[in-house]
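Engineer: Sharing input-v3.tsv (TSV, C-alpha atoms and all ligand atoms) below.
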```tsv
chain	number	residue	atom	x	y	z
A	1	MET	CA	7.50	-19.63	-22.59
A	2	THR	CA	3.79	-20.15	-22.24
A	3	SER	CA	1.54	-17.19	-22.75
A	4	ILE	CA	-1.18	-15.93	-20.47
A	5	THR	CA	-4.62	-15.68	-22.01
A	6	ILE	CA	-7.04	-13.15	-20.65
A	7	ASP	CA	-10.76	-13.60	-21.13
A	8	HIS	CA	-12.35	-10.24	-21.66
A	9	ASN	CA	-15.47	-8.99	-23.35
A	10	CYS	CA	-13.98	-6.33	-25.55
A	11	ALA	CA	-15.77	-6.18	-28.89
A	12	ARG	CA	-12.45	-6.00	-30.70
A	13	ALA	CA	-11.00	-9.08	-29.13
A	14	GLU	CA	-7.70	-9.00	-30.96
A	15	VAL	CA	-6.91	-5.36	-30.17
A	16	PRO	CA	-8.68	-4.69	-26.86
A	17	LEU	CA	-6.57	-1.63	-26.09
A	18	VAL	CA	-6.99	0.22	-29.39
A	19	PRO	CA	-9.85	2.71	-29.29
A	20	LEU	CA	-12.41	2.71	-32.05
A	21	ILE	CA	-12.85	6.22	-33.41
A	22	CYS	CA	-16.47	7.23	-32.88
A	23	LYS	CA	-18.37	10.48	-32.79
A	24	VAL	CA	-20.70	12.30	-30.48
A	25	LYS	CA	-24.27	11.98	-31.67
A	26	GLU	CA	-25.88	14.15	-29.07
A	27	ILE	CA	-25.29	15.58	-25.62
A	28	VAL	CA	-28.29	15.70	-23.32
A	29	PRO	CA	-27.76	17.94	-20.30
A	30	GLN	CA	-29.13	16.40	-17.10
A	31	THR	CA	-28.12	18.74	-14.28
A	32	SER	CA	-25.62	21.59	-13.87
A	33	ASP	CA	-22.73	19.09	-13.76
A	34	VAL	CA	-24.14	15.92	-15.31
A	35	ALA	CA	-24.74	15.25	-18.99
A	36	SER	CA	-25.60	12.20	-21.05
A	37	ILE	CA	-23.26	11.76	-23.97
A	38	ARG	CA	-24.48	9.61	-26.84
A	39	ILE	CA	-21.78	7.99	-28.93
A	40	THR	CA	-22.24	6.48	-32.35
A	41	SER	CA	-19.68	5.06	-34.78
A	42	LEU	CA	-18.49	7.10	-37.76
A	43	ASP	CA	-20.96	5.32	-40.06
A	44	ASP	CA	-23.88	6.02	-37.69
A	45	THR	CA	-24.20	2.51	-36.32
A	46	LYS	CA	-23.96	1.33	-32.75
A	47	PRO	CA	-20.26	0.85	-31.85
A	48	PHE	CA	-20.95	-2.46	-30.04
A	49	GLU	CA	-23.55	-4.18	-27.89
A	50	ALA	CA	-23.14	-3.86	-24.15
A	51	LYS	CA	-25.00	-5.86	-21.53
A	52	PRO	CA	-26.61	-3.90	-18.67
A	53	GLY	CA	-23.95	-2.97	-16.12
A	54	GLN	CA	-20.98	-3.27	-18.46
A	55	THR	CA	-18.50	-0.44	-18.86
A	56	ALA	CA	-16.52	1.11	-21.67
A	57	MET	CA	-13.48	3.32	-22.01
A	58	LEU	CA	-14.26	6.68	-23.51
A	59	SER	CA	-11.43	8.94	-24.61
A	60	VAL	CA	-11.22	12.57	-25.51
A	61	ILE	CA	-8.25	12.84	-27.83
A	62	PRO	CA	-5.65	13.92	-26.71
A	63	TYR	CA	-6.72	14.59	-23.12
A	64	GLY	CA	-7.16	11.09	-21.80
A	65	GLU	CA	-9.57	8.27	-21.25
A	66	CYS	CA	-11.86	7.13	-18.47
A	67	MET	CA	-14.04	4.14	-17.76
A	68	PHE	CA	-17.78	4.75	-17.58
A	69	ALA	CA	-20.84	2.61	-17.17
A	70	VAL	CA	-22.94	2.39	-20.31
A	71	SER	CA	-26.06	4.02	-18.88
A	72	SER	CA	-28.41	3.12	-21.72
A	73	GLN	CA	-28.42	2.24	-25.39
A	74	GLY	CA	-30.39	3.16	-28.47
A	75	ALA	CA	-30.60	1.51	-31.85
A	76	ASP	CA	-27.51	3.36	-33.07
A	77	TYR	CA	-25.80	4.75	-29.98
A	78	LEU	CA	-24.38	4.03	-26.54
A	79	GLU	CA	-25.13	6.55	-23.84
A	80	PHE	CA	-22.79	7.51	-21.02
A	81	THR	CA	-24.04	9.68	-18.20
A	82	VAL	CA	-21.08	11.58	-16.89
A	83	LYS	CA	-20.57	13.93	-13.98
A	84	ARG	CA	-18.06	16.72	-14.42
A	85	VAL	CA	-15.52	16.07	-11.67
A	86	GLY	CA	-12.06	15.98	-13.21
A	87	TYR	CA	-9.78	16.69	-16.11
A	88	VAL	CA	-11.21	14.27	-18.67
A	89	THR	CA	-14.86	14.70	-17.70
A	90	GLU	CA	-14.37	18.46	-18.06
A	91	GLN	CA	-13.28	17.88	-21.65
A	92	LEU	CA	-16.13	15.44	-22.25
A	93	HIS	CA	-18.65	18.06	-21.21
A	94	ALA	CA	-17.09	20.54	-23.62
A	95	LEU	CA	-17.69	18.25	-26.63
A	96	GLN	CA	-20.27	18.98	-29.27
A	97	ALA	CA	-22.29	16.79	-31.60
A	98	GLY	CA	-20.05	15.54	-34.41
A	99	ASP	CA	-16.80	15.69	-32.42
A	100	GLN	CA	-14.65	12.57	-32.59
A	101	VAL	CA	-13.87	10.48	-29.54
A	102	GLY	CA	-12.23	7.13	-28.92
A	103	LEU	CA	-14.20	4.23	-27.51
A	104	ARG	CA	-13.20	0.72	-26.49
A	105	GLY	CA	-15.15	-1.96	-24.69
A	106	PRO	CA	-17.37	-3.35	-23.43
A	107	TYR	CA	-15.50	-4.49	-20.36
A	108	GLY	CA	-16.41	-6.34	-17.21
A	109	ASN	CA	-19.34	-8.41	-16.14
A	110	TRP	CA	-23.01	-7.43	-16.05
A	111	PHE	CA	-26.06	-7.42	-13.84
A	112	PRO	CA	-27.58	-10.91	-13.58
A	113	TYR	CA	-30.60	-9.96	-15.69
A	114	GLU	CA	-31.41	-13.59	-16.52
A	115	GLU	CA	-31.45	-14.71	-12.90
A	116	LEU	CA	-33.60	-11.71	-11.98
A	117	LYS	CA	-36.43	-12.83	-14.26
A	118	GLY	CA	-39.70	-13.20	-12.40
A	119	ARG	CA	-38.39	-11.49	-9.28
A	120	ASP	CA	-39.23	-8.22	-7.60
A	121	VAL	CA	-36.35	-5.79	-7.81
A	122	LEU	CA	-35.57	-2.83	-5.58
A	123	PHE	CA	-33.14	-0.26	-6.94
A	124	VAL	CA	-31.40	2.01	-4.46
A	125	GLY	CA	-29.30	4.84	-5.82
A	126	GLY	CA	-28.00	8.31	-5.16
A	127	GLY	CA	-26.88	11.06	-7.51
A	128	ILE	CA	-24.77	9.81	-10.40
A	129	GLY	CA	-25.24	6.25	-9.10
A	130	MET	CA	-28.27	6.32	-11.37
A	131	ALA	CA	-26.02	5.82	-14.43
A	132	PRO	CA	-25.29	2.09	-14.01
A	133	LEU	CA	-28.71	1.42	-12.47
A	134	ARG	CA	-30.40	2.91	-15.48
A	135	SER	CA	-28.86	0.35	-17.83
A	136	LEU	CA	-30.66	-2.42	-15.96
A	137	ILE	CA	-33.87	-0.45	-15.38
A	138	THR	CA	-34.28	0.30	-19.09
A	139	TYR	CA	-33.42	-3.30	-19.97
A	140	MET	CA	-36.12	-4.54	-17.60
A	141	LEU	CA	-38.68	-2.01	-18.75
A	142	ASP	CA	-38.14	-3.13	-22.36
A	143	ARG	CA	-39.09	-6.62	-21.19
A	144	ARG	CA	-41.56	-5.55	-18.55
A	145	SER	CA	-43.55	-8.78	-18.34
A	146	ASP	CA	-40.45	-10.85	-17.54
A	147	TYR	CA	-39.94	-9.10	-14.22
A	148	GLY	CA	-41.98	-8.56	-11.07
A	149	ARG	CA	-42.55	-5.33	-9.18
A	150	ILE	CA	-39.87	-2.66	-9.62
A	151	ASP	CA	-39.15	-0.15	-6.88
A	152	LEU	CA	-36.72	2.70	-7.31
A	153	VAL	CA	-35.48	4.57	-4.26
A	154	TYR	CA	-33.44	7.47	-5.54
A	155	SER	CA	-31.97	10.55	-3.90
A	156	GLY	CA	-29.94	13.58	-4.83
A	157	SER	CA	-28.49	16.53	-2.95
A	158	THR	CA	-31.22	18.86	-4.20
A	159	ARG	CA	-34.01	18.73	-6.72
A	160	ASP	CA	-31.61	20.03	-9.36
A	161	ASP	CA	-29.20	17.15	-8.80
A	162	LEU	CA	-31.63	14.40	-9.74
A	163	VAL	CA	-30.57	12.98	-13.10
A	164	TYR	CA	-33.06	11.72	-15.68
A	165	TYR	CA	-35.61	14.01	-14.10
A	166	ASP	CA	-38.26	13.45	-16.77
A	167	ASP	CA	-38.10	9.70	-16.40
A	168	ILE	CA	-38.22	9.58	-12.64
A	169	ILE	CA	-40.94	12.23	-12.32
A	170	GLU	CA	-43.06	11.72	-15.43
A	171	ASN	CA	-42.47	8.46	-17.24
A	172	TRP	CA	-41.48	5.73	-14.83
A	173	PRO	CA	-44.17	6.23	-12.14
A	174	LYS	CA	-46.78	5.67	-14.85
A	175	ILE	CA	-45.43	2.24	-15.72
A	176	ASP	CA	-47.41	-0.70	-14.51
A	177	ASN	CA	-46.12	-2.16	-11.23
A	178	MET	CA	-43.23	0.29	-11.02
A	179	HIS	CA	-42.93	2.54	-7.98
A	180	VAL	CA	-40.57	5.49	-7.78
A	181	HIS	CA	-39.64	6.91	-4.36
A	182	LEU	CA	-37.63	10.13	-4.43
A	183	SER	CA	-35.93	12.16	-1.76
A	184	VAL	CA	-33.51	15.05	-1.63
A	185	TYR	CA	-31.02	15.94	1.11
A	186	LYS	CA	-31.66	19.66	0.98
A	187	GLY	CA	-35.13	21.00	0.34
A	188	THR	CA	-35.80	23.95	-1.94
A	189	PRO	CA	-39.06	25.86	-2.58
A	190	ASP	CA	-39.55	24.03	-5.88
A	191	TRP	CA	-39.38	20.59	-4.24
A	192	ALA	CA	-42.61	19.24	-2.76
A	193	GLY	CA	-41.36	15.70	-2.03
A	194	GLU	CA	-39.40	14.12	0.78
A	195	VAL	CA	-36.34	15.73	2.35
A	196	CYS	CA	-34.44	12.85	3.89
A	197	TYR	CA	-31.20	10.88	3.64
A	198	THR	CA	-31.49	7.73	1.55
A	199	ALA	CA	-31.09	5.13	4.30
A	200	PRO	CA	-33.82	6.34	6.69
A	201	PHE	CA	-36.02	7.07	3.69
A	202	LEU	CA	-35.52	3.52	2.45
A	203	GLU	CA	-36.41	2.10	5.85
A	204	SER	CA	-39.53	4.26	6.12
A	205	LEU	CA	-41.04	2.89	2.91
A	206	GLY	CA	-41.99	-0.51	4.28
A	207	ILE	CA	-40.58	-2.45	1.34
A	208	GLY	CA	-40.17	-6.04	2.49
A	209	SER	CA	-37.26	-8.32	1.70
A	210	GLU	CA	-39.50	-11.28	0.84
A	211	GLY	CA	-38.50	-12.60	-2.60
A	212	ARG	CA	-36.92	-9.30	-3.52
A	213	VAL	CA	-33.47	-8.49	-4.88
A	214	VAL	CA	-31.73	-5.15	-4.31
A	215	VAL	CA	-29.47	-3.37	-6.76
A	216	LEU	CA	-27.50	-0.69	-4.96
A	217	CYS	CA	-25.27	2.03	-6.34
A	218	GLY	CA	-24.16	5.25	-4.71
A	219	GLY	CA	-21.29	7.07	-3.05
A	220	PRO	CA	-19.40	5.64	-0.07
A	221	SER	CA	-21.66	7.03	2.66
A	222	LEU	CA	-24.89	6.07	0.89
A	223	PHE	CA	-23.44	2.65	0.27
A	224	LYS	CA	-22.56	2.12	3.90
A	225	THR	CA	-25.73	3.44	5.47
A	226	CYS	CA	-28.09	1.81	2.98
A	227	LEU	CA	-26.34	-1.50	3.37
A	228	GLN	CA	-26.98	-1.39	7.11
A	229	SER	CA	-30.62	-0.50	6.44
A	230	LEU	CA	-31.00	-3.35	3.96
A	231	VAL	CA	-29.58	-5.83	6.44
A	232	ARG	CA	-32.02	-4.49	9.04
A	233	LEU	CA	-34.84	-4.94	6.54
A	234	GLY	CA	-33.87	-8.60	6.32
A	235	PHE	CA	-32.21	-8.80	2.90
A	236	ALA	CA	-29.77	-11.66	2.47
A	237	GLU	CA	-26.25	-10.69	1.38
A	238	SER	CA	-26.61	-12.84	-1.72
A	239	ASP	CA	-29.66	-10.76	-2.72
A	240	ILE	CA	-27.83	-7.42	-2.53
A	241	ILE	CA	-26.14	-6.59	-5.82
A	242	THR	CA	-23.87	-3.62	-6.26
A	243	THR	CA	-21.50	-2.18	-8.80
A	244	LEU	CA	-18.10	-0.79	-7.89
A	245	GLU	CA	-15.94	1.89	-9.37
A	246	MET	CA	-12.19	2.11	-9.49
A	247	LYS	CA	-9.65	4.00	-11.46
A	248	MET	CA	-9.00	1.95	-14.56
A	249	LYS	CA	-6.44	2.17	-17.28
A	250	CYS	CA	-6.22	-1.04	-19.28
A	251	GLY	CA	-9.67	-2.55	-18.70
A	252	ILE	CA	-8.39	-6.07	-19.25
A	253	GLY	CA	-6.73	-7.02	-15.99
A	254	LYS	CA	-3.18	-6.06	-16.83
A	255	CYS	CA	-2.15	-2.90	-15.06
A	256	GLY	CA	-3.22	-3.71	-11.51
A	257	ARG	CA	-5.02	-0.45	-10.82
A	258	CYS	CA	-8.48	-1.72	-10.18
A	259	ASN	CA	-7.86	-4.95	-8.33
A	260	ILE	CA	-9.03	-5.68	-4.81
A	261	GLY	CA	-6.91	-8.66	-3.89
A	262	SER	CA	-7.00	-11.10	-6.78
A	263	LYS	CA	-10.29	-9.79	-8.15
A	264	TYR	CA	-9.93	-7.32	-10.99
A	265	ILE	CA	-12.88	-4.93	-11.09
A	266	CYS	CA	-12.43	-4.45	-14.83
A	267	LEU	CA	-12.72	-8.21	-15.53
A	268	ASP	CA	-14.43	-9.88	-12.57
A	269	GLY	CA	-16.53	-6.82	-11.76
A	270	PRO	CA	-17.88	-4.18	-11.60
A	271	VAL	CA	-20.99	-6.11	-10.50
A	272	PHE	CA	-20.72	-8.07	-7.27
A	273	THR	CA	-23.12	-9.35	-4.67
A	274	MET	CA	-22.48	-8.33	-1.07
A	275	GLU	CA	-21.68	-11.97	-0.38
A	276	GLU	CA	-18.83	-11.83	-2.91
A	277	LEU	CA	-17.57	-8.48	-1.64
A	278	LYS	CA	-17.26	-9.84	1.86
A	279	GLU	CA	-14.64	-12.27	0.60
A	280	LEU	CA	-12.41	-9.47	-0.71
A	281	PRO	CA	-9.55	-8.21	1.46
A	282	GLY	CA	-9.68	-4.74	2.98
A	283	ASN	CA	-12.53	-2.34	3.02
A	284	VAL	CA	-14.52	-1.73	-0.07
A	285	HIS	CA	-15.33	2.00	-0.49
B	1	MET	CA	-6.52	11.72	-37.01
B	2	LYS	CA	-3.57	12.32	-39.30
B	3	ASP	CA	-0.84	13.53	-36.98
B	4	GLY	CA	0.16	12.44	-33.58
B	5	GLU	CA	2.98	12.16	-31.19
B	6	ARG	CA	3.91	9.19	-29.08
B	7	PHE	CA	4.30	10.23	-25.49
B	8	ARG	CA	5.63	7.87	-22.87
B	9	CYS	CA	6.21	8.62	-19.23
B	10	TRP	CA	7.17	6.78	-16.08
B	11	ASP	CA	4.43	5.45	-13.89
B	12	SER	CA	4.48	3.31	-10.82
B	13	CYS	CA	1.98	1.59	-8.57
B	14	MET	CA	3.90	3.19	-5.69
B	15	PHE	CA	2.61	6.65	-6.66
B	16	SER	CA	-0.56	7.85	-4.97
B	17	ALA	CA	-1.97	9.01	-8.31
B	18	TYR	CA	-1.82	5.46	-9.63
B	19	THR	CA	-5.23	4.74	-8.13
B	20	GLU	CA	-6.49	8.19	-7.20
B	21	MET	CA	-9.81	8.97	-8.87
B	22	ALA	CA	-11.39	12.22	-9.92
B	23	GLY	CA	-13.20	13.48	-6.84
B	24	ASN	CA	-10.11	12.57	-4.75
B	25	HIS	CA	-11.17	9.16	-3.56
B	26	ASN	CA	-8.17	6.85	-3.39
B	27	PRO	CA	-8.54	3.17	-2.58
B	28	ARG	CA	-4.78	2.92	-1.82
B	29	PRO	CA	-4.19	6.24	-0.09
B	30	THR	CA	-1.05	5.51	1.93
B	31	LYS	CA	2.26	3.70	1.50
B	32	MET	CA	1.06	0.65	3.38
B	33	PRO	CA	-1.64	-0.49	0.92
B	34	ARG	CA	0.59	0.46	-2.02
B	35	VAL	CA	3.54	-1.60	-0.84
B	36	ARG	CA	1.17	-4.39	-0.01
B	37	GLN	CA	-0.30	-4.21	-3.53
B	38	ARG	CA	3.16	-4.25	-5.10
B	39	PHE	CA	4.35	-7.38	-3.39
B	40	MET	CA	1.04	-9.18	-3.22
B	41	HIS	CA	0.26	-8.48	-6.87
B	42	LYS	CA	3.64	-9.75	-7.94
B	43	LEU	CA	3.66	-12.86	-5.84
B	44	CYS	CA	0.07	-13.69	-5.01
B	45	PHE	CA	-2.84	-11.82	-6.68
B	46	PHE	CA	-1.61	-12.28	-10.22
B	47	GLU	CA	-0.85	-15.92	-9.56
B	48	ASP	CA	-4.33	-16.44	-8.11
B	49	ARG	CA	-5.90	-14.91	-11.17
B	50	TYR	CA	-3.70	-16.19	-13.99
B	51	GLY	CA	-1.76	-19.08	-12.53
B	52	LYS	CA	1.63	-17.44	-13.05
B	53	MET	CA	3.89	-15.40	-10.83
B	54	LEU	CA	4.97	-11.94	-11.94
B	55	CYS	CA	8.47	-12.34	-10.50
B	56	VAL	CA	11.01	-13.99	-12.77
B	57	GLY	CA	13.66	-14.00	-10.09
B	58	CYS	CA	16.19	-11.82	-11.91
B	59	GLY	CA	17.20	-10.01	-8.74
B	60	ARG	CA	17.47	-6.58	-10.35
B	61	CYS	CA	15.03	-4.92	-7.97
B	62	VAL	CA	17.12	-6.12	-5.04
B	63	GLU	CA	20.37	-5.00	-6.65
B	64	LYS	CA	19.20	-1.60	-7.85
B	65	CYS	CA	16.85	-0.40	-5.09
B	66	PRO	CA	18.12	3.03	-3.96
B	67	VAL	CA	16.92	2.49	-0.41
B	68	ALA	CA	17.88	-1.20	-0.19
B	69	LEU	CA	14.30	-2.38	0.13
B	70	ASP	CA	14.94	-6.05	-0.50
B	71	ILE	CA	11.79	-7.90	-1.57
B	72	THR	CA	13.17	-11.24	-0.42
B	73	MET	CA	13.90	-9.92	3.07
B	74	LEU	CA	10.51	-8.30	3.23
B	75	ILE	CA	8.74	-11.51	2.35
B	76	ASP	CA	10.82	-13.40	4.91
B	77	ASP	CA	9.87	-10.81	7.51
B	78	ILE	CA	6.22	-11.11	6.63
B	79	GLN	CA	6.40	-14.87	6.90
B	80	ALA	CA	7.86	-14.56	10.37
B	81	VAL	CA	4.95	-12.41	11.54
B	82	ASP	CA	2.22	-14.04	13.58
B	83	LEU	CA	-0.75	-13.42	11.27
B	84	GLY	CA	-3.42	-13.78	13.94
B	85	GLN	CA	-1.77	-11.21	16.12
B	86	ALA	CA	-1.04	-8.83	13.24
B	87	LEU	CA	-4.67	-8.83	12.17
B	88	ALA	CA	-5.78	-8.24	15.73
B	89	THR	CA	-3.54	-5.15	16.00
B	90	GLU	CA	-4.64	-3.90	12.59
B	91	GLY	CA	-8.26	-4.17	13.62
B	92	ALA	CA	-7.60	-2.32	16.89
C	1	LIG	S1	-7.91	-1.47	-15.33
C	1	LIG	FE1	-5.97	-2.36	-15.51
C	1	LIG	S2	-6.22	-4.09	-14.27
C	1	LIG	FE2	-8.23	-3.32	-14.31
```
Go ahead and render the structure in this file as structure tokens.
Ligand code: FES
Structural biologist:
Amino acid sequence: MTSITIDHNCARAEVPLVPLICKVKEIVPQTSDVASIRITSLDDTKPFEAKPGQTAMLSVIPYGECMFAVSSQGADYLEFTVKRVGYVTEQLHALQAGDQVGLRGPYGNWFPYEELKGRDVLFVGGGIGMAPLRSLITYMLDRRSDYGRIDLVYSGSTRDDLVYYDDIIENWPKIDNMHVHLSVYKGTPDWAGEVCYTAPFLESLGIGSEGRVVVLCGGPSLFKTCLQSLVRLGFAESDIITTLEMKMKCGIGKCGRCNIGSKYICLDGPVFTMEELKELPGNVH
Amino acid sequence: MKDGERFRCWDSCMFSAYTEMAGNHNPRPTKMPRVRQRFMHKLCFFEDRYGKMLCVGCGRCVEKCPVALDITMLIDDIQAVDLGQALATEGA
């Protein structure tokens, strides 16, 4: 019998399903239900290198494991920005610095950061959609001169639902040739900015499609409406990049949870261009 | 960790929870996409991706199915369907 070889990116190639025991370095609260969890290995080194957009399987022993985008990285940690929505994320939020967790990865493909060099990039995101976007934004900011103008159009339900508040309000707007456009869906007295849904807000900004690439990540309705807006603004489908989410269990194309047709999101994704998504059967999102 | 317990349980791609995510979004919410995934994955998707079929032809699923859902008959039925027309009705 001939065997089937699977090409995956897991750092522990020979045992891609066995979690590496790591520990929580720090938990940074972002909003009432979002926190950034920094994971380091037991000897205080970085568990593995992940490219922007890649994902990893984080487990709270013995509750279960979930796939998350690596939202950013430090010299000795990987950061996951996680919204509390279910059983495992509930447990993740209850962790404290020093607690042990399991980690395996990285899995999947990554944002085309090489091809984006020299180009203007427009990021469009909503709510927790910031997590995967952030991995590419921080990568680009670390190599600022390699990239053109960066625009970030970001929305949340209210002011208190915007994650990485300090960065989007304080730090990023100060960066040379970076423009941050924020809106919320529901205004509150402490919010002086725009109150608008993402798609009309995006269209109102007058950002042209000329030579620009879009990276889009958000919930189903944001995804749909912003996509229509982007097409109206003249963006080509090959210049719209997005990242998908699916329930995942194995992460290496075995279990058939995450596939859309013959594309496995855990191996061939999560990053796709709209042009590629069009080829997939059924409706995405 | 020093102690542990090995826990195994049944799972199936025919269950709704197989693909249901936290937050209740489910990309295969009804029987139709789940059955489609089961047969297509076995006979088509996996082959597309890895060059091998997942069916070894043992016939046990046909023999043991409690509701006599015969995969071979199903595939024959699908083959007999006029694809153009089926897609048109699905889109309607
Ligand atoms: S998670 Fe198992 S196939 Fe992708």
Engineer: Write down, as a PyMOL selection string, each residue of chain B that has any atom within 7 Å of an atom of chain A, counting only C-alpha atoms.
Structural biologist: chain B and resi 18-23+45-46+48-50
Engineer: Could you write out that same residue set with C-alpha atoms as an mmCIF file, in the coordinates of the input?
Structural biologist:
```
data_model
loop_
_atom_site.group_PDB
_atom_site.id
_atom_site.type_symbol
_atom_site.label_atom_id
_atom_site.label_comp_id
_atom_site.auth_asym_id
_atom_site.auth_seq_id
_atom_site.Cartn_x
_atom_site.Cartn_y
_atom_site.Cartn_z
ATOM 1 C CA TYR B 18 -1.820 5.460 -9.630
ATOM 2 C CA THR B 19 -5.230 4.740 -8.130
ATOM 3 C CA GLU B 20 -6.490 8.190 -7.200
ATOM 4 C CA MET B 21 -9.810 8.970 -8.870
ATOM 5 C CA ALA B 22 -11.390 12.220 -9.920
ATOM 6 C CA GLY B 23 -13.200 13.480 -6.840
ATOM 7 C CA PHE B 45 -2.840 -11.820 -6.680
ATOM 8 C CA PHE B 46 -1.610 -12.280 -10.220
ATOM 9 C CA ASP B 48 -4.330 -16.440 -8.110
ATOM 10 C CA ARG B 49 -5.900 -14.910 -11.170
ATOM 11 C CA TYR B 50 -3.700 -16.190 -13.990
#
```
Engineer: Pick out the residues sitting within 10 Å of segment 239-241 of chain A, and hand them over as an MDAnalysis selection string; count all atoms listed in the file, and ignore anything fewer than 3 positions along from it in its own chain.
Structural biologist: chainID A and resid 111:112 121:123 209 211:217 227 230:231 235:236 271:277
Engineer: Atom CA of Asp43 of chain A to atom CA of Ala75 of chain A: how many Å, to one decimal?
Structural biologist: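 If I compute the distance from atom CA of Asp43 of chain A to atom CA of Ala75 of chain A, I get 13.2 Å.
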Engineer: For ligand LIG 1 (chain C), which of B:Val62, B:Leu43, B:Val81, B:Cys13 is the closest residue, counting only C-alpha atoms and all ligand atoms?
Structural biologist: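 Among B:Val62, B:Leu43, B:Val81, B:Cys13, it is B:Cys13 that comes nearest to ligand LIG 1 (chain C).
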Engineer: Have a look at atom CA of Thr225 of chain A and atom CA of Ser204 of chain A and let me know their distance in Å, one decimal.
Structural biologist: 13.8 Å
Engineer: Which residues come within 12 Å of Ala94 of chain A, counting only C-alpha atoms, excluding same-chain residues fewer than 6 positions away, as a PDB file with C-alpha atoms, keeping the file's coordinate frame?
Structural biologist:
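Contents of out-v9.pdb, as written:
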```pdb
ATOM      1  CA  VAL A  24     -20.700  12.300 -30.480  1.00  0.00           C
ATOM      2  CA  ILE A  27     -25.290  15.580 -25.620  1.00  0.00           C
ATOM      3  CA  PRO A  29     -27.760  17.940 -20.300  1.00  0.00           C
ATOM      4  CA  ASP A  33     -22.730  19.090 -13.760  1.00  0.00           C
ATOM      5  CA  VAL A  34     -24.140  15.920 -15.310  1.00  0.00           C
ATOM      6  CA  ALA A  35     -24.740  15.250 -18.990  1.00  0.00           C
ATOM      7  CA  ILE A  37     -23.260  11.760 -23.970  1.00  0.00           C
ATOM      8  CA  VAL A  60     -11.220  12.570 -25.510  1.00  0.00           C
ATOM      9  CA  TYR A  63      -6.720  14.590 -23.120  1.00  0.00           C
ATOM     10  CA  VAL A  82     -21.080  11.580 -16.890  1.00  0.00           C
ATOM     11  CA  ARG A  84     -18.060  16.720 -14.420  1.00  0.00           C
ATOM     12  CA  TYR A  87      -9.780  16.690 -16.110  1.00  0.00           C
ATOM     13  CA  VAL A  88     -11.210  14.270 -18.670  1.00  0.00           C
TER      14      VAL A  88
END
```
Engineer: Can you pull out every residue within 12 Å of Leu141 of chain A, counting all atoms listed in the file, but drop anything in the same chain fewer than 5 positions away, and send it as a list in words?
Structural biologist: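 Result of the neighbour search: Ser72, Tyr113, Lys117, Val121, Arg134, Ser135, Leu136, Asp146, Tyr147, Gly148, Arg149, Ile150, Asp167, Asn171, Trp172, Pro173, Lys174, Ile175, Asp176, Asn177 and Met178 of chain A.
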Engineer: Could you list, as a PyMOL selection string, every residue within 12 Å of Asp70 of chain B, counting all atoms listed in the file and ignoring same-chain residues fewer than 6 positions away?
Structural biologist: chain B and resi 39+59-64+76-77
Engineer: Around (-19.8, 14.0, -29.9) in the file's frame, which residues reach within 7 Å when counting only C-alpha atoms? Return as a PyMOL selection string?
Structural biologist: chain A and resi 23-26+39+95-101
Engineer: Atom S1 of ligand LIG 1 (chain C) and atom CA of Gly4 of chain B are how many Å apart?
Structural biologist: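 A separation of 24.3 Å between them.
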Engineer: Just checking: using all atoms listed in the file, which residue out of A:Met57, A:Ala69, A:Ala13, A:Cys22 ends up closest to ligand LIG 1 (chain C)?
Structural biologist: A:Met57
Engineer: Box in all listed atoms of ligand LIG 1 (chain C), axis-aligned, with 6 Å more on each side; write out centre and edge lengths in Å to one decimal as AutoDock Vina command-line options.
Structural biologist:
```
--center_x -7.1 --center_y -2.8 --center_z -14.9 --size_x 14.3 --size_y 14.6 --size_z 13.2
```
Engineer: Please determine, counting only C-alpha atoms and all ligand atoms, which residue among A:Asp268, A:Asp160, A:Glu279, A:Glu49 has the shortest atom-to-atom distance to ligand LIG 1 (chain C).
Structural biologist: A:Asp268
